[in-house]
Amino acid sequence: MTTPEAPAGAYLDHAATTPMSRAALEAYVAEAGRAGNASSLHSAGRAARRAVEESRESVAASLGARPSEVIFTAGGTEADNLAIKGIFWGRRRTDPRRTRVLVSAVEHHAVLDPAFWLAGHAGAEIVLLPVDGDGRVDLAALRAELVAHGDEVALVSVMWANNEVGTLQPVRDVVRLAHQHGVPVHTDAVQAVGQVEVDFAASGVDALTVTGHKLGGPLGVGALLARRDLPIEAVLHGGGQERGVRSGTLDAPAIRAFAVALAEAVAARPERAATLAALRDALVAGVRAADPEAVLRGPEPAPFPAGGPGEVPARLPGNAHFTFPGAEGDSLLYLLDSAGVQASTGSACQAGVPQPSHVLLAMGVPELDARGALRFTLGATSTRDDVARLLAALPQVVERARAAGLVTGAVRAGGAA
Amino acid sequence: MRVLAAMSGGVDSAVAAALAVEAGHDVVGVHMALSRNRDQFRTGSRGCCSIEDAGDARRAADVLGIPYYVWDLSERFEETVVADFLSEYEAGRTPNPCVRCNEHIKFEALLDKATALGFDAVATGHYARVVTHEGPDGTVSRELHRSPNAEKDQSYVLAVMGPDRLTRAMFPLGGFASKAEVRAEAERRGLSVSAKPDSYDICFVADGDTRGFLRDRLGSRPGEVVDTDGNVVGDHDGAYAFTVGQRKGLGLGRPAADGRARYVVDVQTSSNTVVVGPAELLSVDRVAAGQAVWITAPHEHADGAWLDDVEVQVRAHGAPVPARARATTAADGSPSIDVELTGRPLRGVAAGQSLVVYRGTRVLGQGTVARAWRA
């Protein structure tokens, strides 16, 4: 079997997806070679069921949850949809007044869009919680909202770590405030797991999203961890799998590979995070040296691990995010790609058209600056050579992109924006 | 060469990109997003601006194995092409937005950005030929010529780009004699757009309803339709929506006294009046065009010197007519073109239309019609 590897060139987009680990790929192939529906009662079905249940126990152990709290899904987007819609409907069933959904303004679209869908189709009221200049949610705003409307709130959703700028959110503080008002908390921890310590029980959250392909597992598999006492309605109806909350034949090969990758990522985390943070610090210093005008977005990285034991860093160890004034993200992306460096603007596209990032705009970054955003994210296969390749290409890339920005008017409004 | 292939999602630009790749160039595909509000653009199969078209362009780039990007030029498109379209109609003229798109978007915004990013040329799926001549002193001059495919020839809408930009433009379909050949080339390469229908309408006007688009953007401005004697013969919702030479859609309740067909012969936006009259009033043999651009060496269009034995064309699919033309300078100092028709007259030439001067297949110059009259 071939060992999985990062795409050719300097691959600095691990937050988009990261290569599968060898152990996960082997587990996937081994399980995929067996036929068996985990819902069948015969021996083939029992074998598949056993693989799924062992994986469930492993996932639970890796994340500080109980096996019965693990609901397997087809990835992070499905888990986020199940959390937002399922908890909203579950809470409203028991108390029809609870129509408010509180989400941070920097959530991934997999959280924001189901929330706004509920607003359009199910009478939900969405409250976007503001963030500070580093992208950290405003706890005072959350508190004020809970004090004013606590008995109308269905749920709060605040991500563990932001996918664009890597900011870690004060999830425990969010939980403490929300629970004072009897409001459950969901957190999208897709970017956090494997990079920082994530313990479901210790965090106090009621539901947590995790996905396979961001931590060395396969695409198309993930889980929602949900406390058993959390009212949650099904989004997918059918055969009644996953305690009736998520129907669909269980994807035993993907689930097994996901569990293997997750266990590996969690075990490797302390050492890997330190390695990534050192690489990231070199990247940040190098970019700043290459272009003094580049602005790091998100919190300044603290020495890693931060402070004493138990203290969490301010941003993900594998994330660096910059805006390059006067340059457009798509020009930077193209020029880096032709120099063999793969990065991302970090924000969502509409039919390939980069939109100014809602995360940066929520952080107060002017729209013109937000157009020149680039996200570099590191992972298990990242090396010093990857960073060196970026830094070697960057000065010319930024210069060219700025020249192109001048002719297209990207800087037309100058400092006016 | 590093070549940027502009890919609309249609068959022509996909084959043009393929030919650039096969010619050995280092090709990157770029789809231009021209509307921010993409659902306002039609999503049918004939457009060049829908999300489906962007997907078709991406798929074609995948098949060709070239990188693909979407560049957002929607702001520039709105500020130049759409704004010009509205202000020209509002001033009672008849603009050609495809000419303005080539002028401001494809061969300015796109070409300049491409140049700044290190590309040597932009390749498009236009049907026109570039002929290169090397002079005795080694200097290279380029001429723009009609496509051998008379039905698809697009030299008319390209003339506006002028000589400098022509040096950085590639038209790989220039030699194709028929669209069927281009479709066959697409099919041979496994490009799924091979059977996609052609687009004809204005890409930003949904359903081809230009009058509806103008009404939405400019508002209703009711006024009178009068005959050449000043008698009121009808009313309208906005003089801007009428074009000199127009016969249909005048909404005149009763027939003319003499029973003959009536045409728009003048659009007077200052008084918001549409003037109608008989066909013979539309017949012109003199045209003055402004904003002149020449794709010739300076000595070939010396100011005031008549160029005999040329033809002029005033519509994208109109027939060229024999004429003589000369470069002049308008009162405000801007370059202009004077035209005298030497054969049959033209009918219904509206201000705002693009006028292109040809000699045989070669494009000599282009201007925007300012005035047309009968000598």
# chains A, B, ... in the order shown; residues from 1 in each chain; ligands from 1
>>> interface_residues(of="chain B", to="chain A", cutoff="8 Å", atoms="only C-alpha atoms", output="JSON, numbers by chain")
{"B": [33, 51, 54, 55, 69, 70, 71, 72, 109, 112, 113, 114, 115, 116, 117, 118]}
>>> residues_around(residues="Lys179 of chain B", least_positions_apart="4", cutoff="12 Å", atoms="only C-alpha atoms", output="PyMOL selection string")
chain B and resi 11-12+15+125-127+147-153+173-175+183-186+194-198
>>> write_last_selection(atoms="C-alpha atoms", output="PDB file, in the first residue's frame")
ATOM      1  CA  VAL B  11     -17.593  26.156 -26.977  1.00  0.00           C
ATOM      2  CA  ASP B  12     -15.604  28.848 -28.796  1.00  0.00           C
ATOM      3  CA  VAL B  15     -11.575  25.371 -28.207  1.00  0.00           C
ATOM      4  CA  GLY B 125     -12.695  32.616 -28.738  1.00  0.00           C
ATOM      5  CA  HIS B 126     -13.383  35.499 -31.104  1.00  0.00           C
ATOM      6  CA  TYR B 127     -13.643  34.885 -34.823  1.00  0.00           C
ATOM      7  CA  SER B 147     -12.641  35.769 -40.083  1.00  0.00           C
ATOM      8  CA  PRO B 148     -13.071  33.596 -43.174  1.00  0.00           C
ATOM      9  CA  ASN B 149     -16.317  32.585 -41.455  1.00  0.00           C
ATOM     10  CA  ALA B 150     -18.456  35.471 -42.670  1.00  0.00           C
ATOM     11  CA  GLU B 151     -21.423  34.497 -40.533  1.00  0.00           C
ATOM     12  CA  LYS B 152     -19.445  34.441 -37.260  1.00  0.00           C
ATOM     13  CA  ASP B 153     -16.910  37.172 -38.071  1.00  0.00           C
ATOM     14  CA  LEU B 173     -10.228  30.471 -33.916  1.00  0.00           C
ATOM     15  CA  GLY B 174      -9.235  33.076 -36.498  1.00  0.00           C
ATOM     16  CA  GLY B 175      -8.693  30.531 -39.225  1.00  0.00           C
ATOM     17  CA  ARG B 183     -17.795  22.111 -32.550  1.00  0.00           C
ATOM     18  CA  ALA B 184     -16.078  19.117 -34.137  1.00  0.00           C
ATOM     19  CA  GLU B 185     -12.776  20.202 -32.588  1.00  0.00           C
ATOM     20  CA  ALA B 186     -14.478  20.454 -29.202  1.00  0.00           C
ATOM     21  CA  SER B 194     -19.338  21.007 -27.894  1.00  0.00           C
ATOM     22  CA  ALA B 195     -23.125  21.018 -28.360  1.00  0.00           C
ATOM     23  CA  LYS B 196     -23.873  24.100 -26.281  1.00  0.00           C
ATOM     24  CA  PRO B 197     -26.046  26.603 -28.161  1.00  0.00           C
ATOM     25  CA  ASP B 198     -24.637  29.962 -29.225  1.00  0.00           C
TER      26      ASP B 198
END
>>> residues_around(residues="Val103 of chain A", least_positions_apart="6", cutoff="8 Å", atoms="only C-alpha atoms", output="list of chain:residue names")
A:Leu112, A:Ile126, A:Val127, A:Leu128, A:Leu129, A:Val156, A:Ser157, A:Val158
>>> write_last_selection(atoms="N, CA and C atoms", output="CSV table (one decimal), in the first residue's frame")
chain,number,residue,atom,x,y,z
A,112,LEU,N,-23.7,29.0,10.1
A,112,LEU,CA,-24.5,30.3,9.8
A,112,LEU,C,-25.6,30.0,8.9
A,126,ILE,N,-32.2,35.1,14.6
A,126,ILE,CA,-30.8,34.8,14.7
A,126,ILE,C,-30.1,36.1,15.3
A,127,VAL,N,-29.3,35.8,16.3
A,127,VAL,CA,-28.5,36.9,16.9
A,127,VAL,C,-27.1,36.6,16.6
A,128,LEU,N,-26.4,37.5,15.9
A,128,LEU,CA,-25.0,37.3,15.6
A,128,LEU,C,-24.2,38.0,16.7
A,129,LEU,N,-23.4,37.2,17.4
A,129,LEU,CA,-22.6,37.7,18.5
A,129,LEU,C,-21.4,38.4,17.9
A,156,VAL,N,-27.0,28.3,21.8
A,156,VAL,CA,-25.9,29.1,21.5
A,156,VAL,C,-24.9,28.2,20.7
A,157,SER,N,-24.3,28.8,19.6
A,157,SER,CA,-23.3,28.0,18.9
A,157,SER,C,-22.1,28.9,18.7
A,158,VAL,N,-21.0,28.5,19.3
A,158,VAL,CA,-19.7,29.3,19.2
A,158,VAL,C,-18.6,28.3,18.9
>>> atom_distance(atom1="atom CA of Val190 of chain A", atom2="atom CA of Ala161 of chain A")
7.9 Å
>>> select_by_dssp(residues="segment 71-269 of chain B", states="strand (DSSP E)", output="PyMOL selection string")
chain B and resi 71-72+121-123+128-134+140-146+169-170+223-227+232-236+263-268
>>> residues_around(residues="Arg254 of chain B", least_positions_apart="3", cutoff="9 Å", atoms="only C-alpha atoms", output="number ranges by chain")
B: 233-234, 257
>>> write_last_selection(atoms="C-alpha atoms", output="PDB file, in the first residue's frame")
ATOM      1  CA  VAL B 233     -49.487  60.523 -33.031  1.00  0.00           C
ATOM      2  CA  GLY B 234     -48.935  58.480 -29.876  1.00  0.00           C
ATOM      3  CA  ALA B 257     -52.540  59.389 -43.134  1.00  0.00           C
TER       4      ALA B 257
END
>>> residues_around(residues="Ile295 of chain B", least_positions_apart="6", cutoff="10 Å", atoms="only C-alpha atoms", output="list in words")
Ser141, Arg142, Glu143, Leu144, Ala159, Val160, Met161, Gly162, Pro163, Asp164, Leu166, His301, Arg362, Val363, Leu364, Gly365 and Gln366 of chain B
>>> write_last_selection(atoms="C-alpha atoms", output="mmCIF file, in the first residue's frame")
data_model
loop_
_atom_site.group_PDB
_atom_site.id
_atom_site.type_symbol
_atom_site.label_atom_id
_atom_site.label_comp_id
_atom_site.auth_asym_id
_atom_site.auth_seq_id
_atom_site.Cartn_x
_atom_site.Cartn_y
_atom_site.Cartn_z
ATOM 1 C CA SER B 141 3.185 45.269 -37.565
ATOM 2 C CA ARG B 142 -0.098 43.586 -36.901
ATOM 3 C CA GLU B 143 -3.303 43.820 -38.824
ATOM 4 C CA LEU B 144 -6.752 42.792 -37.729
ATOM 5 C CA ALA B 159 -11.765 46.904 -33.865
ATOM 6 C CA VAL B 160 -12.130 49.150 -30.811
ATOM 7 C CA MET B 161 -9.102 47.602 -29.092
ATOM 8 C CA GLY B 162 -6.602 49.506 -31.221
ATOM 9 C CA PRO B 163 -3.073 48.525 -32.262
ATOM 10 C CA ASP B 164 -1.250 48.294 -28.930
ATOM 11 C CA LEU B 166 -3.763 43.778 -30.486
ATOM 12 C CA HIS B 301 -4.535 57.526 -41.839
ATOM 13 C CA ARG B 362 -8.620 44.300 -43.104
ATOM 14 C CA VAL B 363 -9.873 46.528 -40.299
ATOM 15 C CA LEU B 364 -8.520 50.052 -40.650
ATOM 16 C CA GLY B 365 -10.318 51.925 -37.929
ATOM 17 C CA GLN B 366 -13.319 52.304 -35.701
#
>>> select_by_dssp(residues="segment 90-284 of chain A", states="helix (DSSP H, G or I)", output="PyMOL selection string")
chain A and resi 90-94+109-121+139-152+171-180+200-203+242-244+252-284
>>> write_last_selection(atoms="C-alpha atoms", output="compact mmCIF listing (two decimals), in the first residue's frame")
# COMPACT_ATOMS: atom_id res chain seq x y z
CA GLY A 90 -35.90 19.83 19.95
CA ARG A 91 -35.92 22.84 22.25
CA ARG A 92 -38.92 24.44 20.60
CA ARG A 93 -40.87 21.21 20.95
CA THR A 94 -40.46 21.38 24.72
CA HIS A 109 -21.16 28.74 6.83
CA ALA A 110 -22.09 25.22 7.94
CA VAL A 111 -23.40 26.86 11.14
CA LEU A 112 -24.46 30.26 9.82
CA ASP A 113 -26.44 29.01 6.85
CA PRO A 114 -28.63 26.47 8.72
CA ALA A 115 -29.27 29.18 11.32
CA PHE A 116 -30.38 31.67 8.68
CA TRP A 117 -32.35 28.92 6.97
CA LEU A 118 -34.25 28.46 10.23
CA ALA A 119 -34.89 32.19 10.28
CA GLY A 120 -36.37 31.99 6.80
CA HIS A 121 -38.35 28.78 7.24
CA LEU A 139 -18.78 37.65 26.11
CA ALA A 140 -20.41 40.84 27.37
CA ALA A 141 -22.69 40.83 24.35
CA LEU A 142 -23.55 37.20 25.00
CA ARG A 143 -24.28 37.94 28.64
CA ALA A 144 -26.46 40.93 27.76
CA GLU A 145 -28.40 38.88 25.23
CA LEU A 146 -28.95 36.08 27.76
CA VAL A 147 -30.02 38.48 30.48
CA ALA A 148 -32.49 40.21 28.18
CA HIS A 149 -33.89 37.15 26.38
CA GLY A 150 -32.60 34.08 28.25
CA ASP A 151 -35.95 32.31 28.26
CA GLU A 152 -36.37 32.73 24.52
CA VAL A 171 -15.81 28.10 24.97
CA ARG A 172 -15.83 27.44 28.71
CA ASP A 173 -16.93 30.99 29.44
CA VAL A 174 -19.65 30.69 26.82
CA VAL A 175 -20.85 27.47 28.48
CA ARG A 176 -20.81 29.02 31.95
CA LEU A 177 -22.92 31.99 30.83
CA ALA A 178 -25.34 29.96 28.75
CA HIS A 179 -25.88 27.32 31.40
CA GLN A 180 -26.73 29.99 33.96
CA PHE A 200 -16.13 17.13 25.54
CA ALA A 201 -17.08 16.44 29.15
CA ALA A 202 -14.61 18.88 30.69
CA SER A 203 -15.62 21.67 28.31
CA GLU A 242 -27.81 6.38 15.58
CA ARG A 243 -30.61 6.38 18.15
CA GLY A 244 -33.05 7.61 15.51
CA ALA A 252 -18.15 1.19 8.68
CA PRO A 253 -14.92 1.65 6.68
CA ALA A 254 -15.00 5.44 6.98
CA ILE A 255 -16.02 5.33 10.64
CA ARG A 256 -13.22 2.92 11.50
CA ALA A 257 -10.62 4.97 9.64
CA PHE A 258 -11.93 8.15 11.29
CA ALA A 259 -11.60 6.59 14.74
CA VAL A 260 -8.06 5.42 13.99
CA ALA A 261 -7.00 8.83 12.68
CA LEU A 262 -8.61 10.63 15.60
CA ALA A 263 -6.87 8.43 18.18
CA GLU A 264 -3.58 8.99 16.37
CA ALA A 265 -4.07 12.75 16.13
CA VAL A 266 -5.00 13.09 19.79
CA ALA A 267 -2.05 10.96 20.92
CA ALA A 268 0.37 12.87 18.70
CA ARG A 269 -1.07 16.26 19.55
CA PRO A 270 1.29 17.60 22.26
CA GLU A 271 4.40 16.95 20.21
CA ARG A 272 2.82 17.78 16.84
CA ALA A 273 1.33 21.03 18.10
CA ALA A 274 4.74 22.17 19.33
CA THR A 275 6.27 21.30 15.95
CA LEU A 276 3.53 23.10 14.05
CA ALA A 277 3.77 26.15 16.30
CA ALA A 278 7.52 26.40 15.71
CA LEU A 279 7.01 26.11 11.94
CA ARG A 280 4.17 28.62 12.11
CA ASP A 281 6.31 31.08 14.05
CA ALA A 282 9.03 30.79 11.40
CA LEU A 283 6.39 31.34 8.70
CA VAL A 284 4.96 34.42 10.44
>>> residues_around(residues="Pro67 of chain B", least_positions_apart="6", cutoff="7 Å", atoms="only C-alpha atoms", output="JSON, numbers by chain")
{"B": [28, 29, 61]}
>>> closest_residue(among="A:Val205, A:Leu250, A:Ala234, A:Met159", to="Gly45 of chain A", atoms="only C-alpha atoms")
A:Leu250
>>> atom_distance(atom1="atom CA of Ile87 of chain A", atom2="atom CA of Gln241 of chain A")
18.0 Å
>>> closest_residue(among="B:Ala325, B:Leu110, B:Met1, B:Val81", to="Pro95 of chain B", atoms="only C-alpha atoms")
B:Val81
>>> closest_residue(among="B:Val274, B:Asp266, B:Gln291, B:Thr296", to="Val232 of chain B", atoms="only C-alpha atoms")
B:Val274
>>> decode(residues="segment 201-220 of chain A", atoms="N, CA and C atoms", output="mmCIF file, in the first residue's frame")
data_model
loop_
_atom_site.group_PDB
_atom_site.id
_atom_site.type_symbol
_atom_site.label_atom_id
_atom_site.label_comp_id
_atom_site.auth_asym_id
_atom_site.auth_seq_id
_atom_site.Cartn_x
_atom_site.Cartn_y
_atom_site.Cartn_z
ATOM 1 N N ALA A 201 -16.470 16.373 27.818
ATOM 2 C CA ALA A 201 -17.080 16.442 29.152
ATOM 3 C C ALA A 201 -16.531 17.639 29.926
ATOM 4 N N ALA A 202 -15.216 17.808 29.903
ATOM 5 C CA ALA A 202 -14.605 18.881 30.687
ATOM 6 C C ALA A 202 -15.018 20.257 30.173
ATOM 7 N N SER A 203 -15.269 20.361 28.868
ATOM 8 C CA SER A 203 -15.618 21.668 28.310
ATOM 9 C C SER A 203 -17.013 22.104 28.732
ATOM 10 N N GLY A 204 -17.853 21.131 29.026
ATOM 11 C CA GLY A 204 -19.218 21.449 29.436
ATOM 12 C C GLY A 204 -20.170 21.674 28.283
ATOM 13 N N VAL A 205 -19.686 21.651 27.028
ATOM 14 C CA VAL A 205 -20.607 21.886 25.909
ATOM 15 C C VAL A 205 -21.606 20.741 25.802
ATOM 16 N N ASP A 206 -22.741 21.036 25.203
ATOM 17 C CA ASP A 206 -23.798 20.044 25.067
ATOM 18 C C ASP A 206 -23.697 19.294 23.748
ATOM 19 N N ALA A 207 -23.078 19.913 22.768
ATOM 20 C CA ALA A 207 -22.903 19.249 21.476
ATOM 21 C C ALA A 207 -21.640 19.777 20.823
ATOM 22 N N LEU A 208 -20.949 18.893 20.092
ATOM 23 C CA LEU A 208 -19.649 19.253 19.504
ATOM 24 C C LEU A 208 -19.503 18.563 18.154
ATOM 25 N N THR A 209 -19.068 19.339 17.175
ATOM 26 C CA THR A 209 -18.858 18.809 15.824
ATOM 27 C C THR A 209 -17.387 18.486 15.607
ATOM 28 N N VAL A 210 -17.148 17.308 15.010
ATOM 29 C CA VAL A 210 -15.783 16.925 14.647
ATOM 30 C C VAL A 210 -15.867 16.249 13.277
ATOM 31 N N THR A 211 -14.794 16.371 12.482
ATOM 32 C CA THR A 211 -14.814 15.729 11.168
ATOM 33 C C THR A 211 -13.509 15.007 10.906
ATOM 34 N N GLY A 212 -13.570 13.993 10.042
ATOM 35 C CA GLY A 212 -12.421 13.123 9.812
ATOM 36 C C GLY A 212 -11.300 13.742 9.009
ATOM 37 N N HIS A 213 -11.658 14.434 7.938
ATOM 38 C CA HIS A 213 -10.617 14.773 6.952
ATOM 39 C C HIS A 213 -9.740 15.939 7.360
ATOM 40 N N LYS A 214 -10.018 16.576 8.495
ATOM 41 C CA LYS A 214 -9.133 17.651 8.946
ATOM 42 C C LYS A 214 -8.059 17.107 9.892
ATOM 43 N N LEU A 215 -8.131 15.808 10.216
ATOM 44 C CA LEU A 215 -7.182 15.289 11.206
ATOM 45 C C LEU A 215 -6.537 13.987 10.766
ATOM 46 N N GLY A 216 -6.574 13.700 9.464
ATOM 47 C CA GLY A 216 -5.892 12.505 8.973
ATOM 48 C C GLY A 216 -6.819 11.347 8.681
ATOM 49 N N GLY A 217 -8.119 11.572 8.790
ATOM 50 C CA GLY A 217 -9.090 10.547 8.438
ATOM 51 C C GLY A 217 -9.628 10.783 7.043
ATOM 52 N N PRO A 218 -10.598 9.953 6.640
ATOM 53 C CA PRO A 218 -11.160 10.120 5.299
ATOM 54 C C PRO A 218 -12.146 11.285 5.202
ATOM 55 N N LEU A 219 -12.411 11.680 3.971
ATOM 56 C CA LEU A 219 -13.462 12.653 3.697
ATOM 57 C C LEU A 219 -14.819 11.974 3.908
ATOM 58 N N GLY A 220 -15.827 12.766 4.207
ATOM 59 C CA GLY A 220 -17.189 12.229 4.227
ATOM 60 C C GLY A 220 -17.564 11.494 5.491
#
